[in-house]
$ cat structure.cif   # mmCIF, C-alpha atoms
data_final
loop_
_atom_site.label_atom_id
_atom_site.label_comp_id
_atom_site.auth_asym_id
_atom_site.auth_seq_id
_atom_site.Cartn_x
_atom_site.Cartn_y
_atom_site.Cartn_z
CA MET A 35 102.88 24.37 -116.92
CA LYS A 36 106.34 23.05 -116.05
CA ILE A 37 108.27 20.59 -118.23
CA LEU A 38 111.56 18.82 -117.56
CA PHE A 39 113.71 18.29 -120.66
CA VAL A 40 116.40 15.61 -120.41
CA GLY A 41 119.44 16.66 -122.43
CA SER A 42 120.32 20.09 -123.81
CA ARG A 43 121.84 19.34 -127.23
CA LEU A 44 118.46 19.42 -128.98
CA PHE A 45 116.86 21.91 -126.60
CA ASP A 46 117.11 24.79 -129.08
CA ASP A 47 114.53 22.90 -131.16
CA ALA A 48 112.13 23.09 -128.21
CA ALA A 49 112.99 26.28 -126.30
CA TRP A 50 111.37 28.77 -128.68
CA TYR A 51 108.10 26.84 -128.73
CA ALA A 52 107.99 26.31 -124.96
CA LYS A 53 108.59 30.03 -124.47
CA LYS A 54 105.81 30.83 -126.93
CA LEU A 55 103.42 28.68 -124.87
CA GLY A 56 104.54 30.21 -121.56
CA ILE A 57 105.95 26.92 -120.26
CA GLU A 58 108.52 26.91 -117.46
CA THR A 59 111.47 24.84 -118.64
CA ILE A 60 113.94 22.78 -116.64
CA VAL A 61 116.86 21.02 -118.30
CA THR A 62 119.03 18.23 -116.90
CA GLU A 63 122.41 17.72 -118.53
CA SER A 64 125.52 15.70 -117.63
CA ASN A 65 127.93 18.09 -119.37
CA ASP A 66 128.23 21.50 -117.75
CA HIS A 67 129.79 22.86 -120.97
CA ALA A 68 126.94 21.63 -123.16
CA ILE A 69 125.20 23.96 -125.60
CA ASN A 70 121.77 25.55 -125.09
CA LEU A 71 121.91 25.58 -121.27
CA ASP A 72 121.28 29.33 -121.33
CA LEU A 73 117.91 28.79 -123.02
CA ALA A 74 116.30 27.06 -120.02
CA ASP A 75 114.67 28.68 -116.99
CA LYS A 76 116.51 26.27 -114.69
CA VAL A 77 119.38 23.84 -115.23
CA TYR A 78 120.59 20.85 -113.23
CA ILE A 79 123.98 19.31 -113.97
CA VAL A 80 123.60 15.63 -113.12
CA PRO A 81 125.52 12.34 -113.46
CA ARG A 82 124.90 10.26 -116.58
CA GLY A 83 121.81 8.07 -116.46
CA MET A 84 118.16 8.65 -115.70
CA ASP A 85 118.14 8.33 -111.90
CA GLU A 86 118.76 12.01 -111.20
CA PRO A 87 116.43 13.34 -113.92
CA MET A 88 113.71 11.12 -112.44
CA ASN A 89 114.39 12.44 -108.94
CA ILE A 90 114.34 16.03 -110.18
CA ALA A 91 111.06 15.48 -112.02
CA ILE A 92 109.51 14.36 -108.73
CA LYS A 93 111.14 17.07 -106.61
CA GLU A 94 110.20 19.87 -109.01
CA GLU A 95 106.66 18.47 -109.39
CA VAL A 96 106.82 18.87 -113.15
CA ASP A 97 103.77 18.30 -115.30
CA ALA A 98 105.66 16.19 -117.85
CA VAL A 99 109.10 15.02 -118.96
CA VAL A 100 110.34 15.34 -122.54
CA PRO A 101 113.59 13.42 -123.15
CA LEU A 102 115.72 15.03 -125.87
CA ILE A 103 118.13 12.17 -126.36
CA GLY A 104 119.67 12.03 -129.84
CA ILE A 105 121.75 8.87 -129.40
CA ASP A 106 120.70 5.27 -128.89
CA PRO A 107 122.49 3.91 -125.76
CA PRO A 108 120.45 5.83 -123.10
CA LEU A 109 117.06 5.13 -124.69
CA VAL A 110 116.41 1.88 -122.82
CA ASP A 111 117.01 3.68 -119.51
CA VAL A 112 114.69 6.45 -120.70
CA GLY A 113 112.04 3.77 -121.20
CA LYS A 114 112.55 2.49 -117.67
CA MET A 115 112.20 6.05 -116.33
CA LYS A 116 109.00 6.51 -118.30
CA ASP A 117 107.44 3.31 -116.99
CA THR A 118 108.33 4.21 -113.38
CA LEU A 119 107.31 7.90 -113.42
CA GLU A 120 104.01 7.23 -115.14
CA LYS A 121 103.05 4.27 -112.96
CA GLU A 122 104.26 5.50 -109.59
CA ASN A 123 104.09 9.29 -109.87
CA GLY A 124 101.56 10.01 -112.60
CA ILE A 125 104.07 12.13 -114.54
CA PRO A 126 103.80 11.57 -118.32
CA VAL A 127 107.09 10.98 -120.12
CA ILE A 128 106.94 11.67 -123.84
CA SER A 129 109.05 8.79 -125.09
CA ALA A 130 108.96 5.11 -125.96
CA PRO A 131 108.23 2.70 -123.11
CA TYR A 132 110.89 0.24 -121.98
CA ASN A 133 109.71 -2.70 -124.12
CA THR A 134 109.63 -0.63 -127.29
CA ALA A 135 112.97 1.04 -126.64
CA SER A 136 114.58 -2.33 -125.90
CA LEU A 137 113.26 -3.78 -129.15
CA ALA A 138 114.50 -0.85 -131.23
CA ALA A 139 117.90 -0.92 -129.52
CA ASN A 140 118.45 -4.52 -130.63
CA LYS A 141 118.73 -4.46 -134.41
CA TYR A 142 118.50 -8.25 -134.70
CA GLU A 143 115.34 -8.50 -132.60
CA THR A 144 113.89 -5.65 -134.66
CA LYS A 145 114.44 -7.63 -137.84
CA GLU A 146 112.87 -10.73 -136.29
CA MET A 147 109.82 -8.63 -135.37
CA LEU A 148 109.59 -7.30 -138.92
CA ALA A 149 109.78 -10.82 -140.35
CA ARG A 150 107.07 -12.07 -137.95
CA ASN A 151 104.78 -9.30 -139.14
CA ASN A 152 105.48 -9.92 -142.83
CA ILE A 153 107.16 -6.55 -143.26
CA ASN A 154 109.89 -6.48 -145.89
CA THR A 155 113.41 -6.34 -144.47
CA PRO A 156 116.66 -7.38 -146.19
CA LYS A 157 117.35 -11.10 -145.82
CA PHE A 158 119.33 -11.69 -142.64
CA ASN A 159 120.93 -14.50 -140.69
CA HIS A 160 122.72 -14.80 -137.37
CA LEU A 161 126.29 -16.10 -137.58
CA ASP A 162 127.41 -18.90 -135.31
CA GLU A 163 131.04 -19.69 -134.63
CA PRO A 164 133.14 -21.08 -136.17
CA TYR A 165 132.50 -18.71 -139.07
CA ASP A 166 132.51 -20.10 -142.62
CA ILE A 167 134.56 -17.33 -144.22
CA ASP A 168 134.51 -18.94 -147.68
CA ASP A 169 130.71 -19.06 -147.64
CA LEU A 170 130.51 -15.43 -146.54
CA GLU A 171 132.97 -14.43 -149.25
CA SER A 172 130.72 -16.05 -151.86
CA GLN A 173 127.88 -13.69 -150.83
CA LEU A 174 129.79 -10.40 -151.27
CA PRO A 175 128.95 -7.56 -151.11
CA LEU A 176 127.47 -8.27 -147.71
CA VAL A 177 126.39 -6.20 -144.71
CA LEU A 178 127.85 -7.33 -141.38
CA LYS A 179 126.13 -6.06 -138.23
CA THR A 180 125.93 -6.37 -134.48
CA PRO A 181 122.61 -5.92 -132.64
CA GLU A 182 123.78 -2.67 -131.04
CA GLY A 183 124.96 0.38 -132.91
CA GLN A 184 123.98 3.72 -134.33
CA GLY A 185 125.02 5.93 -137.22
CA GLY A 186 127.12 3.23 -138.86
CA THR A 187 128.84 1.88 -135.72
CA GLY A 188 128.55 -1.88 -135.52
CA VAL A 189 127.96 -2.02 -139.29
CA LYS A 190 130.35 -2.97 -142.08
CA ILE A 191 129.71 -3.34 -145.79
CA ALA A 192 132.12 -6.14 -146.66
CA LEU A 193 133.57 -5.95 -150.16
CA ASN A 194 136.29 -8.57 -149.81
CA LYS A 195 137.57 -11.35 -147.58
CA GLU A 196 139.75 -8.95 -145.58
CA ASP A 197 136.69 -6.88 -144.64
CA ILE A 198 135.02 -10.00 -143.29
CA LEU A 199 138.06 -11.11 -141.32
CA ASP A 200 138.55 -7.65 -139.82
CA PHE A 201 134.95 -7.43 -138.63
CA VAL A 202 134.66 -10.92 -137.14
CA SER A 203 138.00 -10.50 -135.35
CA GLU A 204 136.75 -7.36 -133.58
CA LYS A 205 133.07 -8.11 -133.01
CA ASP A 206 130.89 -10.84 -131.62
CA ASN A 207 127.17 -11.60 -131.77
CA ILE A 208 127.25 -10.92 -135.50
CA PHE A 209 124.51 -11.20 -138.09
CA ILE A 210 124.56 -10.68 -141.84
CA GLU A 211 122.18 -8.82 -144.10
CA ASP A 212 121.83 -8.64 -147.87
CA PHE A 213 123.17 -5.46 -149.41
CA VAL A 214 120.38 -3.51 -151.12
CA GLN A 215 121.31 -1.25 -154.02
CA GLY A 216 118.97 1.71 -154.10
CA MET A 217 117.95 4.68 -151.97
CA GLU A 218 118.02 5.43 -148.26
CA VAL A 219 114.74 6.82 -146.91
CA SER A 220 113.61 7.95 -143.47
CA ILE A 221 110.16 8.77 -142.18
CA GLU A 222 109.11 10.06 -138.77
CA VAL A 223 105.93 8.92 -137.10
CA LEU A 224 104.25 10.51 -134.07
CA ARG A 225 102.14 8.46 -131.67
CA TRP A 226 100.41 9.31 -128.40
CA LYS A 227 97.55 7.67 -126.54
CA LYS A 228 97.22 5.04 -129.29
CA GLU A 229 96.88 7.62 -132.07
CA ALA A 230 99.54 7.62 -134.78
CA VAL A 231 100.31 9.88 -137.72
CA SER A 232 103.22 9.61 -140.14
CA LEU A 233 104.90 12.64 -141.67
CA VAL A 234 106.91 12.80 -144.91
CA PRO A 235 109.28 10.26 -146.51
CA VAL A 236 112.72 11.86 -146.83
CA TYR A 237 115.33 10.85 -149.39
CA LYS A 238 118.74 10.54 -147.72
CA GLY A 239 120.89 9.59 -150.71
CA ASP A 240 121.73 6.42 -152.59
CA THR A 241 123.14 3.38 -150.86
CA THR A 242 126.89 3.09 -151.36
CA LEU A 243 129.38 0.28 -151.02
CA GLU A 244 131.53 2.69 -149.03
CA GLY A 245 128.82 3.01 -146.37
CA THR A 246 128.71 6.80 -146.57
CA HIS A 247 126.97 8.28 -143.51
CA PRO A 248 123.61 10.01 -144.25
CA LEU A 249 124.91 13.23 -142.67
CA SER A 250 127.38 13.47 -145.56
CA LYS A 251 124.67 13.27 -148.19
CA ILE A 252 122.13 15.68 -149.63
CA LYS A 253 118.56 15.08 -148.47
CA GLN A 254 115.37 15.86 -150.37
CA ALA A 255 111.64 15.79 -149.63
CA PRO A 256 109.10 14.74 -150.53
CA LEU A 257 110.58 11.50 -151.83
CA ASN A 258 110.56 11.61 -155.63
CA ILE A 259 111.68 8.52 -157.55
CA THR A 260 111.76 8.48 -161.34
CA GLY A 261 109.56 5.90 -163.02
CA ILE A 262 107.06 5.16 -160.25
CA ASP A 263 103.81 6.62 -158.92
CA ASN A 264 105.29 8.75 -156.14
CA PHE A 265 101.96 9.75 -154.61
CA LYS A 266 100.98 6.10 -154.19
CA HIS A 267 104.45 5.07 -153.06
CA ASN A 268 104.75 7.79 -150.45
CA GLN A 269 101.30 6.92 -149.13
CA CYS A 270 102.36 3.29 -148.80
CA ILE A 271 105.43 4.32 -146.78
CA GLN A 272 103.26 6.52 -144.54
CA ASN A 273 100.80 3.68 -143.96
CA LEU A 274 103.70 1.34 -143.18
CA ALA A 275 105.11 3.81 -140.65
CA GLU A 276 101.80 4.13 -138.82
CA ASN A 277 101.33 0.37 -138.83
CA LEU A 278 104.79 -0.17 -137.35
CA ALA A 279 104.24 2.50 -134.69
CA ASN A 280 101.08 0.69 -133.58
CA ILE A 281 102.71 -2.76 -133.68
CA VAL A 282 105.59 -1.77 -131.40
CA GLY A 283 103.52 0.58 -129.23
CA VAL A 284 105.84 3.55 -129.52
CA GLU A 285 104.98 6.85 -127.84
CA GLY A 286 106.36 10.26 -128.72
CA THR A 287 108.34 10.02 -131.95
CA MET A 288 109.97 7.24 -133.93
CA ASP A 289 112.26 7.39 -136.94
CA ILE A 290 112.07 4.52 -139.43
CA ASP A 291 114.95 3.77 -141.80
CA ILE A 292 113.99 2.22 -145.12
CA LEU A 293 115.88 1.06 -148.20
CA PHE A 294 114.18 1.35 -151.59
CA ASP A 295 115.49 -1.40 -153.89
CA SER A 296 116.05 0.14 -157.32
CA LYS A 297 115.72 -3.27 -159.01
CA SER A 298 112.67 -4.79 -157.33
CA LYS A 299 111.03 -1.38 -156.58
CA LYS A 300 110.31 -2.66 -153.07
CA ASP A 301 110.79 -0.96 -149.71
CA TYR A 302 112.79 -2.74 -147.01
CA VAL A 303 112.67 -1.61 -143.38
CA ILE A 304 116.07 -1.83 -141.70
CA GLU A 305 115.85 0.05 -138.38
CA LEU A 306 113.53 1.70 -135.87
CA ASN A 307 114.87 4.56 -133.76
CA THR A 308 112.85 5.71 -130.75
CA ARG A 309 114.35 9.20 -130.62
CA PRO A 310 114.16 12.50 -132.47
CA SER A 311 115.25 11.94 -136.04
CA GLY A 312 118.21 13.34 -137.88
CA THR A 313 115.72 14.27 -140.61
CA ARG A 314 113.54 16.39 -138.30
CA TYR A 315 114.54 19.64 -140.04
CA MET A 316 113.56 18.15 -143.38
CA THR A 317 110.25 17.07 -141.86
CA ALA A 318 109.64 20.59 -140.55
CA ALA A 319 110.70 22.17 -143.85
CA SER A 320 108.41 20.09 -146.02
CA THR A 321 105.35 19.76 -143.74
CA ASN A 322 105.61 22.68 -141.27
CA ILE A 323 105.25 20.08 -138.52
CA TYR A 324 108.10 20.39 -136.01
CA PRO A 325 108.46 16.93 -134.40
CA ILE A 326 110.02 18.12 -131.13
CA CYS A 327 107.32 20.78 -130.76
CA GLN A 328 104.78 17.99 -131.20
CA LEU A 329 106.30 16.29 -128.14
CA ILE A 330 105.58 19.45 -126.15
CA ASP A 331 101.98 19.41 -127.37
CA MET A 332 101.72 15.82 -126.15
CA ALA A 333 103.09 16.91 -122.77
CA CYS A 334 100.51 19.69 -122.60
CA GLY A 335 97.65 17.30 -123.35
CA ASN A 336 96.45 19.05 -126.51
CA TRP A 337 97.89 16.74 -129.19
CA SER A 338 95.81 14.83 -131.70
CA VAL A 339 96.22 13.31 -135.15
CA LYS A 340 93.43 15.59 -136.35
CA ASN A 341 95.39 18.68 -135.29
CA VAL A 342 98.56 17.45 -136.98
CA LYS A 343 96.83 16.62 -140.25
CA SER A 344 94.96 19.93 -140.36
CA SER A 345 98.24 21.82 -139.80
CA MET A 346 100.30 19.89 -142.33
CA LYS A 347 101.61 21.77 -145.37
CA LYS A 348 103.29 20.59 -148.57
CA TYR A 349 106.60 22.20 -149.45
CA PHE A 350 109.68 21.13 -151.36
CA ALA A 351 112.81 20.84 -149.26
CA THR A 352 116.49 19.99 -149.44
CA GLU A 353 119.33 19.76 -146.92
CA LEU A 354 123.04 20.10 -147.60
CA PRO A 355 126.19 19.46 -145.56
CA ILE A 356 128.10 22.74 -145.89
CA GLY A 357 130.78 22.61 -143.21
CA ASP A 358 130.55 26.30 -142.38
CA PHE A 359 127.71 28.47 -143.62
CA PRO A 360 128.96 31.37 -145.80
CA THR A 361 129.83 34.26 -143.50
CA ASP A 362 128.21 36.80 -145.82
CA LYS A 363 124.80 35.15 -145.41
CA GLU A 364 122.36 35.79 -142.59
CA ILE A 365 121.95 32.91 -140.14
CA PRO A 366 118.52 32.85 -138.46
CA GLN A 367 118.94 32.43 -134.71
CA GLU A 368 115.80 30.40 -134.05
CA LYS A 369 115.43 27.01 -135.69
CA VAL A 370 112.17 28.07 -137.33
CA PHE A 371 111.34 28.54 -141.01
CA SER A 372 110.24 32.13 -141.52
CA GLY A 373 108.03 31.61 -144.57
CA GLU A 374 107.28 29.54 -147.63
CA ASN A 375 110.73 30.24 -149.09
CA SER A 376 113.22 30.19 -146.21
CA TYR A 377 116.00 28.23 -144.57
CA VAL A 378 117.44 27.09 -141.24
CA VAL A 379 121.12 26.56 -140.42
CA HIS A 380 121.87 23.92 -137.80
CA GLY A 381 124.69 21.78 -136.48
CA PRO A 382 128.02 22.62 -134.80
CA LYS A 383 130.71 24.78 -136.37
CA HIS A 384 132.56 23.03 -139.23
CA TYR A 385 129.74 20.49 -139.45
CA GLN A 386 126.84 22.76 -140.27
CA ARG A 387 123.92 21.87 -142.49
CA VAL A 388 121.40 24.13 -144.17
CA THR A 389 117.81 23.00 -144.67
CA ILE A 390 115.86 24.93 -147.28
CA ARG A 391 112.15 24.99 -148.08
CA ALA A 392 110.20 26.48 -150.97
CA ASP A 393 106.73 26.46 -152.44
CA SER A 394 107.93 25.06 -155.79
CA LYS A 395 110.87 23.13 -157.22
CA GLU A 396 111.93 26.20 -159.16
CA HIS A 397 111.95 28.43 -156.09
CA LEU A 398 113.83 25.76 -154.15
CA ASN A 399 116.59 25.67 -156.76
CA ASP A 400 116.76 29.46 -156.90
CA LEU A 401 117.01 29.86 -153.12
CA THR A 402 119.52 27.05 -152.80
CA TYR A 403 121.87 28.41 -155.42
CA ASN A 404 121.56 31.91 -154.01
CA LEU A 405 122.58 30.67 -150.54
CA VAL A 406 125.39 28.33 -151.45
CA GLU A 407 126.23 29.11 -155.06
CA ASP A 408 129.94 28.34 -154.80
CA TYR A 409 129.32 25.03 -153.03
CA ALA A 410 126.64 23.98 -155.50
CA THR A 411 128.63 24.96 -158.57
CA GLU A 412 131.75 23.17 -157.37
CA ASN A 413 129.80 19.98 -156.72
CA LYS A 414 127.60 20.26 -159.85
CA ILE A 415 124.44 19.84 -157.81
CA ASN A 416 120.95 19.98 -159.27
CA PHE A 417 118.37 20.02 -156.46
CA ILE A 418 115.10 18.05 -156.68
#
$ encode --input "structure.cif" --output "C-alpha cells"
Amino acid sequence: MKILFVGSRLFDDAAWYAKKLGIETIVTESNDHAINLDLADKVYIVPRGMDEPMNIAIKEEVDAVVPLIGIDPPLVDVGKMKDTLEKENGIPVISAPYNTASLAANKYETKEMLARNNINTPKFNHLDEPYDIDDLESQLPLVLKTPEGQGGTGVKIALNKEDILDFVSEKDNIFIEDFVQGMEVSIEVLRWKKEAVSLVPVYKGDTTLEGTHPLSKIKQAPLNITGIDNFKHNQCIQNLAENLANIVGVEGTMDIDILFDSKSKKDYVIELNTRPSGTRYMTAASTNIYPICQLIDMACGNWSVKNVKSSMKKYFATELPIGDFPTDKEIPQEKVFSGENSYVVHGPKHYQRVTIRADSKEHLNDLTYNLVEDYATENKINFI
C-alpha cells in the first residue's frame, strides 16, 4: 500500500499510524524547511498548488491521496484534484469534493445553505453600498464578515462606529451577522462512501466581544453546560453534524463550528471547514478516535461507521495553551495518548498546547495540575 500525503505540517499525526500499518508514505510539500519531512519514506518539494501533487500521484501509482491541509485557501483546489484523480485515474482522494469545498470556503453561501435547510444560524444580511453606518451602529455589537477567511481573518466584532468604519473601508463584499453571547463549540464528523459518523462536541471557550481566537482558550470535552440535559444536547449536536455532512456531501473529515446561545439555549451553526480540525487532539483524547488516522483507514478501504462506533471510548479531556511545555516534564514524541490518564504536547515552540485525557473528572484535574501546576495556579483554573 502506497499513500501520497499532501502537506507535511500535520504529517506527524499520520506517520506513526501509517508505519504501524506498513504503508509506504510519500509527502509533497512546497516548503523545503517544513517540519516532519524526515518522517516520510519519500519527499517531493513542489510549487504551491495541486498540479504537481496530482502528477506525482499518477507517476508514483499511489493507491490513494490524503491531503493534510490545515488552512482554507487551498481546499477548493484540493477538491478539483480529487474530482480529476478519481474520475480519470481511479485514485481515491480522501477529502471533500470540489462542490463541497467551494461551499464551505464561502461563508455567506454556507449560511444561505443553512437557512434553506432550516438549520439555525445567526441572523445575517449582505450589505450593499452605500452603507448605512447609522443603521449598523444601532445594531451594535455586530459581527462584520467577508465570505472568505479563516481563524478570525475577514471577521470583526464591531463595538462602536469606528470599528464599522475601519472594516468597511478595508473590505468589500461584506455581510453582517448577529453577535451571539454564549459558548463556542466544535464537532468533527467523518464521512466516506455515504456513511457518516459524528464524534464529540468540544467546548472552545465563551464568545467574547474581543474576538479572542479559540487557540488562546482552554478547551474541554465532552461539552458540559450547567442547567441543561447534556446527554440529550450532545446527541442533538451529533445528529446535526451527521445531517450536515450528508446534506453537503462531504468526504473525509469536516469540522463544524457552532455557537450555543446562553439565553435561548439554542445552537447556531456558523461555519463548515472541510479540513482536519483544530480540535482533533481533543477528539482523540475524549473518544480515542484519531481523525487523521481515520482518513488513512478510508484510503485503505477498511473504514466503516460500525468500526468507528465500536472503537469509540468516553474520556474526559482538556486542552491548554501553555506557550512552552515545562522543561522538567517528559514530552511524548508520538502524538498518541499512552493510556486512560495521559497527555500529548503539540504545536510549535512558544505556541505549544497540551491535551490531557483521564477516566474521570477527578483524575483529569489531578493530572492537569501535576503537569502545569504553576500555570494553573497563576490563572486560577478549575478544569471541567
$ closest_residue --input "structure.cif" --among "A:Ile153, A:Ala91, A:Val80, A:Met288" --to "Lys36 of chain A" --atoms "all atoms listed in the file"
A:Ala91
$ axis_aligned_box --input "structure.cif" --around "segment 174-181 of chain A" --padding-each-side "8 Å" --output "lines of an AutoDock Vina configuration file"
center_x = 126.2
center_y = -8.2
center_z = -142.0
size_x = 23.2
size_y = 20.5
size_z = 34.6
$ resolve_selection --input "structure.cif" --expression "the PyMOL selection byres ((chain A and resi 123) around 12)" --output "VMD selection string"
chain A and resid 88 to 89 91 to 93 95 to 99 115 to 122 124 to 127
$ atom_distance --input "structure.cif" --atom1 "atom CA of Phe213 of chain A" --atom2 "atom CA of Lys179 of chain A"
11.6 Å
$ resolve_selection --input "structure.cif" --expression "the PyMOL selection byres ((chain A and resi 290) around 6)" --output "list in words"
Ser220, Ile221, Asp289, Asp291, Glu305 and Leu306 of chain A
$ atom_distance --input "structure.cif" --atom1 "atom CA of Gly283 of chain A" --atom2 "atom CA of Pro181 of chain A"
20.5 Å
$ closest_residue --input "structure.cif" --among "A:Leu405, A:Ile323, A:Ile271, A:Ile262" --to "Tyr349 of chain A" --atoms "only C-alpha atoms"
A:Ile323
$ resolve_selection --input "structure.cif" --expression "the PyMOL selection byres ((chain A and resi 233-242) around 8)" --output "PyMOL selection string"
chain A and resi 214-224+231-232+243-246+248+251-258+268+271-272+313+316-317+320-321
$ write_last_selection --input "structure.cif" --atoms "C-alpha atoms" --output "PDB file, keeping the file's coordinate frame"
ATOM      1  CA  VAL A 214     120.380  -3.510-151.120  1.00  0.00           C
ATOM      2  CA  GLN A 215     121.310  -1.250-154.020  1.00  0.00           C
ATOM      3  CA  GLY A 216     118.970   1.710-154.100  1.00  0.00           C
ATOM      4  CA  MET A 217     117.950   4.680-151.970  1.00  0.00           C
ATOM      5  CA  GLU A 218     118.020   5.430-148.260  1.00  0.00           C
ATOM      6  CA  VAL A 219     114.740   6.820-146.910  1.00  0.00           C
ATOM      7  CA  SER A 220     113.610   7.950-143.470  1.00  0.00           C
ATOM      8  CA  ILE A 221     110.160   8.770-142.180  1.00  0.00           C
ATOM      9  CA  GLU A 222     109.110  10.060-138.770  1.00  0.00           C
ATOM     10  CA  VAL A 223     105.930   8.920-137.100  1.00  0.00           C
ATOM     11  CA  LEU A 224     104.250  10.510-134.070  1.00  0.00           C
ATOM     12  CA  VAL A 231     100.310   9.880-137.720  1.00  0.00           C
ATOM     13  CA  SER A 232     103.220   9.610-140.140  1.00  0.00           C
ATOM     14  CA  LEU A 243     129.380   0.280-151.020  1.00  0.00           C
ATOM     15  CA  GLU A 244     131.530   2.690-149.030  1.00  0.00           C
ATOM     16  CA  GLY A 245     128.820   3.010-146.370  1.00  0.00           C
ATOM     17  CA  THR A 246     128.710   6.800-146.570  1.00  0.00           C
ATOM     18  CA  PRO A 248     123.610  10.010-144.250  1.00  0.00           C
ATOM     19  CA  LYS A 251     124.670  13.270-148.190  1.00  0.00           C
ATOM     20  CA  ILE A 252     122.130  15.680-149.630  1.00  0.00           C
ATOM     21  CA  LYS A 253     118.560  15.080-148.470  1.00  0.00           C
ATOM     22  CA  GLN A 254     115.370  15.860-150.370  1.00  0.00           C
ATOM     23  CA  ALA A 255     111.640  15.790-149.630  1.00  0.00           C
ATOM     24  CA  PRO A 256     109.100  14.740-150.530  1.00  0.00           C
ATOM     25  CA  LEU A 257     110.580  11.500-151.830  1.00  0.00           C
ATOM     26  CA  ASN A 258     110.560  11.610-155.630  1.00  0.00           C
ATOM     27  CA  ASN A 268     104.750   7.790-150.450  1.00  0.00           C
ATOM     28  CA  ILE A 271     105.430   4.320-146.780  1.00  0.00           C
ATOM     29  CA  GLN A 272     103.260   6.520-144.540  1.00  0.00           C
ATOM     30  CA  THR A 313     115.720  14.270-140.610  1.00  0.00           C
ATOM     31  CA  MET A 316     113.560  18.150-143.380  1.00  0.00           C
ATOM     32  CA  THR A 317     110.250  17.070-141.860  1.00  0.00           C
ATOM     33  CA  SER A 320     108.410  20.090-146.020  1.00  0.00           C
ATOM     34  CA  THR A 321     105.350  19.760-143.740  1.00  0.00           C
TER      35      THR A 321
END
$ atom_distance --input "structure.cif" --atom1 "atom CA of Ile79 of chain A" --atom2 "atom CA of Val61 of chain A"
8.5 Å
$ closest_residue --input "structure.cif" --among "A:Ala275, A:Ala318, A:Leu55, A:Val303" --to "Ser345 of chain A" --atoms "all atoms listed in the file"
A:Ala318
$ closest_residue --input "structure.cif" --among "A:Ser203, A:Asn140, A:Asn154, A:Asn70" --to "Thr180 of chain A" --atoms "only C-alpha atoms"
A:Asn140
